[in-house]
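*Asks:* mmCIF, C-alpha atoms, saved as query-v7.cif, coming up:
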```
data_start
loop_
_atom_site.group_PDB
_atom_site.id
_atom_site.type_symbol
_atom_site.label_atom_id
_atom_site.label_comp_id
_atom_site.auth_asym_id
_atom_site.auth_seq_id
_atom_site.Cartn_x
_atom_site.Cartn_y
_atom_site.Cartn_z
ATOM 1 C CA MET F 204 0.000 0.000 0.000
ATOM 2 C CA GLU F 205 1.475 3.292 -1.085
ATOM 3 C CA GLY F 206 2.620 5.370 1.878
ATOM 4 C CA ASP F 207 2.723 2.448 4.317
ATOM 5 C CA ARG F 208 5.926 2.165 6.321
ATOM 6 C CA TYR F 209 6.430 -1.410 5.049
ATOM 7 C CA ALA F 210 5.435 -0.812 1.405
ATOM 8 C CA GLY F 211 7.381 -2.967 -1.032
ATOM 9 C CA ARG F 212 9.185 -5.010 1.590
ATOM 10 C CA ALA F 213 9.122 -8.708 0.741
ATOM 11 C CA ALA F 214 8.170 -9.814 4.255
ATOM 12 C CA HIS F 215 4.998 -7.732 4.115
ATOM 13 C CA ARG F 216 3.644 -8.464 0.634
ATOM 14 C CA ASP F 217 1.098 -10.902 2.063
ATOM 15 C CA ALA F 218 0.221 -8.313 4.684
ATOM 16 C CA ALA F 219 0.057 -5.168 2.578
ATOM 17 C CA VAL F 220 -3.295 -4.116 4.030
ATOM 18 C CA THR F 221 -4.474 -4.476 7.611
ATOM 19 C CA LEU F 222 -8.119 -4.290 8.655
ATOM 20 C CA LEU F 223 -9.413 -3.544 12.141
ATOM 21 C CA ALA F 224 -12.974 -3.283 13.473
ATOM 22 C CA ILE F 225 -13.504 -0.018 15.359
ATOM 23 C CA GLU F 226 -15.761 -2.025 17.669
ATOM 24 C CA ALA F 227 -12.644 -3.814 18.960
ATOM 25 C CA LEU F 228 -11.045 -0.516 19.963
ATOM 26 C CA GLU F 229 -14.287 0.691 21.531
ATOM 27 C CA ALA F 230 -14.664 -2.524 23.538
ATOM 28 C CA VAL F 231 -11.063 -2.407 24.763
ATOM 29 C CA ALA F 232 -11.399 1.241 25.835
ATOM 30 C CA THR F 233 -14.559 0.338 27.762
ATOM 31 C CA GLU F 234 -12.907 -2.709 29.363
ATOM 32 C CA LEU F 235 -9.908 -0.615 30.426
ATOM 33 C CA GLY F 236 -12.089 2.269 31.631
ATOM 34 C CA VAL F 237 -10.410 4.868 29.420
ATOM 35 C CA PRO F 238 -11.720 7.382 26.861
ATOM 36 C CA PRO F 239 -12.194 6.154 23.268
ATOM 37 C CA PHE F 240 -8.977 5.618 21.314
ATOM 38 C CA ASP F 241 -7.911 7.487 18.204
ATOM 39 C CA PRO F 242 -8.130 4.673 15.613
ATOM 40 C CA VAL F 243 -5.078 6.033 13.789
ATOM 41 C CA ALA F 244 -2.949 5.113 16.816
ATOM 42 C CA ALA F 245 -3.682 1.410 16.219
ATOM 43 C CA ARG F 246 -1.611 1.622 13.000
ATOM 44 C CA ARG F 247 -3.978 -0.348 10.779
ATOM 45 C CA THR F 248 -4.576 0.560 7.137
ATOM 46 C CA ILE F 249 -8.370 0.271 7.167
ATOM 47 C CA VAL F 250 -10.694 0.713 10.131
ATOM 48 C CA THR F 251 -14.202 -0.669 9.650
ATOM 49 C CA ARG F 252 -17.542 -0.408 11.418
ATOM 50 C CA GLY F 253 -20.111 -3.206 11.359
ATOM 51 C CA LEU F 254 -17.770 -5.809 9.865
ATOM 52 C CA GLU F 255 -16.621 -9.010 11.537
ATOM 53 C CA VAL F 256 -13.022 -8.494 10.433
ATOM 54 C CA GLU F 257 -11.664 -11.575 12.199
ATOM 55 C CA ALA F 258 -13.934 -13.810 10.051
ATOM 56 C CA LEU F 259 -12.034 -12.689 6.935
ATOM 57 C CA ARG F 260 -8.996 -14.839 7.730
ATOM 58 C CA GLY F 261 -8.363 -17.169 4.797
ATOM 59 C CA ARG F 262 -11.110 -15.590 2.691
ATOM 60 C CA GLU F 263 -11.231 -13.488 -0.470
ATOM 61 C CA PHE F 264 -13.224 -10.269 -0.522
ATOM 62 C CA ALA F 265 -13.418 -6.928 -2.294
ATOM 63 C CA ILE F 266 -13.671 -3.389 -0.968
ATOM 64 C CA GLU F 267 -15.274 -0.661 -3.061
ATOM 65 C CA ALA F 268 -14.577 2.899 -1.945
ATOM 66 C CA GLY F 269 -15.337 4.846 -5.097
ATOM 67 C CA GLY F 270 -12.311 3.881 -7.187
ATOM 68 C CA GLY F 271 -13.429 0.432 -8.330
ATOM 69 C CA PRO F 272 -13.274 -2.751 -6.254
ATOM 70 C CA VAL F 273 -9.965 -3.787 -4.735
ATOM 71 C CA ARG F 274 -9.706 -7.540 -4.157
ATOM 72 C CA LEU F 275 -7.991 -8.709 -0.975
ATOM 73 C CA GLY F 276 -7.131 -12.049 0.563
ATOM 74 C CA GLY F 277 -7.487 -12.271 4.326
ATOM 75 C CA GLY F 278 -4.448 -13.817 5.953
ATOM 76 C CA ARG F 279 -2.967 -14.098 9.395
ATOM 77 C CA PRO F 280 -4.059 -12.104 12.425
ATOM 78 C CA ALA F 281 -2.612 -8.621 12.843
ATOM 79 C CA ALA F 282 -1.220 -9.360 16.278
ATOM 80 C CA PRO F 283 -1.004 -6.397 18.614
ATOM 81 C CA CYS F 284 2.397 -5.344 19.885
ATOM 82 C CA ALA F 285 3.473 -3.996 23.257
ATOM 83 C CA TRP F 286 3.523 -0.507 21.707
ATOM 84 C CA MET F 287 -0.307 -0.533 22.069
ATOM 85 C CA ASP F 288 0.205 -0.125 25.836
ATOM 86 C CA VAL F 289 2.035 3.135 25.101
ATOM 87 C CA VAL F 290 -0.073 4.687 22.318
ATOM 88 C CA LEU F 291 -3.510 3.492 23.467
ATOM 89 C CA ALA F 292 -3.497 2.648 27.182
ATOM 90 C CA PRO F 293 -1.790 0.284 29.626
ATOM 91 C CA GLY F 294 -3.348 -3.150 29.118
ATOM 92 C CA ALA F 295 -4.364 -2.541 25.483
ATOM 93 C CA HIS F 296 -1.762 -4.988 24.172
ATOM 94 C CA ALA F 297 -3.272 -7.938 26.058
ATOM 95 C CA ALA F 298 -6.872 -6.787 25.554
ATOM 96 C CA LEU F 299 -6.457 -6.613 21.764
ATOM 97 C CA ARG F 300 -5.259 -10.213 21.408
ATOM 98 C CA GLY F 301 -7.601 -12.063 19.071
ATOM 99 C CA ARG F 302 -9.253 -8.855 17.811
ATOM 100 C CA ALA F 303 -6.451 -6.612 16.577
ATOM 101 C CA GLY F 304 -7.389 -7.178 12.950
ATOM 102 C CA VAL F 305 -6.370 -9.174 9.913
ATOM 103 C CA ARG F 306 -3.414 -8.812 7.557
ATOM 104 C CA CYS F 307 -4.404 -9.041 3.903
ATOM 105 C CA ALA F 308 -2.670 -9.569 0.581
ATOM 106 C CA ALA F 309 -3.645 -7.305 -2.292
ATOM 107 C CA LEU F 310 -5.050 -9.528 -5.051
ATOM 108 C CA SER F 311 -5.691 -6.626 -7.413
ATOM 109 C CA SER F 312 -4.578 -3.048 -7.726
ATOM 110 C CA GLY F 313 -6.879 -0.110 -7.266
ATOM 111 C CA THR F 314 -7.637 2.934 -5.203
ATOM 112 C CA LEU F 315 -9.184 2.974 -1.762
ATOM 113 C CA ARG F 316 -10.400 6.331 -0.494
ATOM 114 C CA ALA F 317 -11.191 7.466 3.023
ATOM 115 C CA GLY F 318 -14.875 7.430 3.804
ATOM 116 C CA PRO F 319 -17.762 5.046 3.288
ATOM 117 C CA ALA F 320 -17.069 1.796 1.469
ATOM 118 C CA THR F 321 -18.710 -1.532 0.812
ATOM 119 C CA MET F 322 -17.211 -4.963 1.330
ATOM 120 C CA THR F 323 -18.247 -8.032 -0.626
ATOM 121 C CA VAL F 324 -17.079 -11.538 0.191
ATOM 122 C CA THR F 325 -16.121 -13.142 -3.114
ATOM 123 C CA ASP F 326 -15.421 -16.720 -1.997
ATOM 124 C CA GLY F 327 -19.074 -17.804 -1.842
ATOM 125 C CA LEU F 328 -18.879 -18.892 1.811
ATOM 126 C CA GLY F 329 -21.333 -16.308 3.122
ATOM 127 C CA ASP F 330 -20.974 -12.949 4.766
ATOM 128 C CA PRO F 331 -19.363 -12.306 8.161
ATOM 129 C CA ASP F 332 -21.743 -11.565 11.040
ATOM 130 C CA PRO F 333 -21.856 -7.788 11.770
ATOM 131 C CA ALA F 334 -23.023 -8.548 15.328
ATOM 132 C CA ARG F 335 -19.604 -10.129 15.976
ATOM 133 C CA ALA F 336 -17.613 -7.070 14.867
ATOM 134 C CA GLY F 337 -14.871 -6.425 17.420
ATOM 135 C CA LEU F 338 -15.377 -9.632 19.393
ATOM 136 C CA PRO F 339 -12.244 -11.646 20.167
ATOM 137 C CA HIS F 340 -11.434 -14.534 17.863
ATOM 138 C CA ARG F 341 -9.870 -17.441 19.688
ATOM 139 C CA ARG F 342 -8.006 -20.133 17.866
ATOM 140 C CA ARG F 343 -9.595 -23.542 18.245
ATOM 141 C CA ALA F 344 -7.551 -26.168 20.047
ATOM 142 C CA ARG F 345 -5.976 -28.744 17.758
ATOM 143 C CA ALA F 346 -7.334 -32.257 18.004
#
```
What would you get if you wrote out this structure as structure tokens?
*Replies:*
Amino acid sequence: MEGDRYAGRAAHRDAAVTLLAIEALEAVATELGVPPFDPVAARRTIVTRGLEVEALRGREFAIEAGGGPVRLGGGRPAAPCAWMDVVLAPGAHAALRGRAGVRCAALSSGTLRAGPATMTVTDGLGDPDPARAGLPHRRRARA
């Protein structure tokens, strides 16, 4: 993603875009008893509202923000780092585990603009549940 601090670096090509549900930040602020966070401080590329971001892991989807759809592939979790305790609030690092967003690979080029956008899941497996936006995603135990 143009302008991103990791743009063009090989290690981040499968994580060129990061998505985060604003509901996760709102829930963490409430849990920690602090004022709402500035979403920019979370250092994610796209902040959503009403989207179960964590359900996009391993799925293909498209975002349309006025410049034509941009296809993305949801990948690994965007794990929070200890820096969240500094820029958000003490305890934010631990509280964001499982809901700090998803790293995505760009599957097409295009332009994403700030403001309203639509997301369409393109893999045919159904849409994520908006009621689960911002809820922690816990990895299932291996059998």
*Asks:* I'd like to know which of F:Val305, F:Ala297, F:Leu254, F:Ala244 is closest to Ala218 of chain F, using all atoms listed in the file.
*Replies:*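 Closest to Ala218 of chain F of all the choices is F:Val305.
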*Asks:* Could you please determine the separation between atom CA of Gly313 of chain F and atom CA of Val273 of chain F in Å, to one decimal place?
*Replies:*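 Taking atom CA of Gly313 of chain F and atom CA of Val273 of chain F, their separation equals 5.4 Å.
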*Asks:* Choose the residue, out of F:Val256, F:Ala320, F:Cys307, F:Ala292, that has the smallest atom-to-atom separation from Leu338 of chain F; count only C-alpha atoms.
*Replies:*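 Result for the nearest residue to Leu338 of chain F: F:Val256.
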*Asks:* If you apply the PyMOL selection byres ((chain F and resi 300) around 9) to this file, what residues do you get, as a ChimeraX atom specification?
*Replies:* /F:282-283,295-299,301-303,339-341
*Asks:* What does the file look like for those residues with C-alpha atoms, as a PDB file, in the coordinates of the input?
*Replies:*
```
ATOM      1  CA  ALA F 282      -1.220  -9.360  16.278  1.00  0.00           C
ATOM      2  CA  PRO F 283      -1.004  -6.397  18.614  1.00  0.00           C
ATOM      3  CA  ALA F 295      -4.364  -2.541  25.483  1.00  0.00           C
ATOM      4  CA  HIS F 296      -1.762  -4.988  24.172  1.00  0.00           C
ATOM      5  CA  ALA F 297      -3.272  -7.938  26.058  1.00  0.00           C
ATOM      6  CA  ALA F 298      -6.872  -6.787  25.554  1.00  0.00           C
ATOM      7  CA  LEU F 299      -6.457  -6.613  21.764  1.00  0.00           C
ATOM      8  CA  GLY F 301      -7.601 -12.063  19.071  1.00  0.00           C
ATOM      9  CA  ARG F 302      -9.253  -8.855  17.811  1.00  0.00           C
ATOM     10  CA  ALA F 303      -6.451  -6.612  16.577  1.00  0.00           C
ATOM     11  CA  PRO F 339     -12.244 -11.646  20.167  1.00  0.00           C
ATOM     12  CA  HIS F 340     -11.434 -14.534  17.863  1.00  0.00           C
ATOM     13  CA  ARG F 341      -9.870 -17.441  19.688  1.00  0.00           C
TER      14      ARG F 341
END
```
*Asks:* So that I can check the surroundings of Arg260 of chain F, please list as a PyMOL selection string every protein, DNA and RNA residue that reaches within 7 Å of it, counting all atoms listed in the file and ignoring chain neighbours fewer than 5 positions away.
*Replies:* chain F and resi 277-279+305
*Asks:* Applying the PyMOL selection byres ((chain F and resi 266) around 12) to the file I just gave you, which residues come out? Please list them as a PyMOL selection string.
*Replies:* chain F and resi 220+222+249+251+254+263-265+267-276+307+309-325
*Asks:* For this structure, which residues satisfy the selection - the PyMOL selection byres ((chain F and resi 334) around 12) - when it is evaluated on the file as given? I want them as JSON, numbers by chain.
*Replies:* {"F": [224, 226, 227, 252, 253, 254, 255, 256, 258, 330, 331, 332, 333, 335, 336, 337, 338]}
*Asks:* Could you tell me how far atom CA of Gly304 of chain F lies from atom CA of Val290 of chain F, in Å and to one decimal?
*Replies:* 16.8 Å
*Asks:* Distance atom CA of Leu259 of chain F-atom CA of Thr221 of chain F, one decimal place?
*Replies:*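 Between atom CA of Leu259 of chain F and atom CA of Thr221 of chain F the gap works out to 11.2 Å.
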*Asks:* Nearest to Glu229 of chain F: which of F:Leu291, F:Arg306, F:Glu257, F:Leu328 is it, counting all atoms listed in the file?
*Replies:*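 Smallest distance to Glu229 of chain F is found for F:Leu291.
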*Asks:* With all atoms of segment 310-320 of chain F from the file as input, state the centre and edge lengths in Å to one decimal of the axis-aligned box that has 5 Å extra on each side, as JSON.
*Replies:*
```
{"center_x": -11.2, "center_y": -1.0, "center_z": -2.0, "size_x": 23.2, "size_y": 27.0, "size_z": 21.5}
```
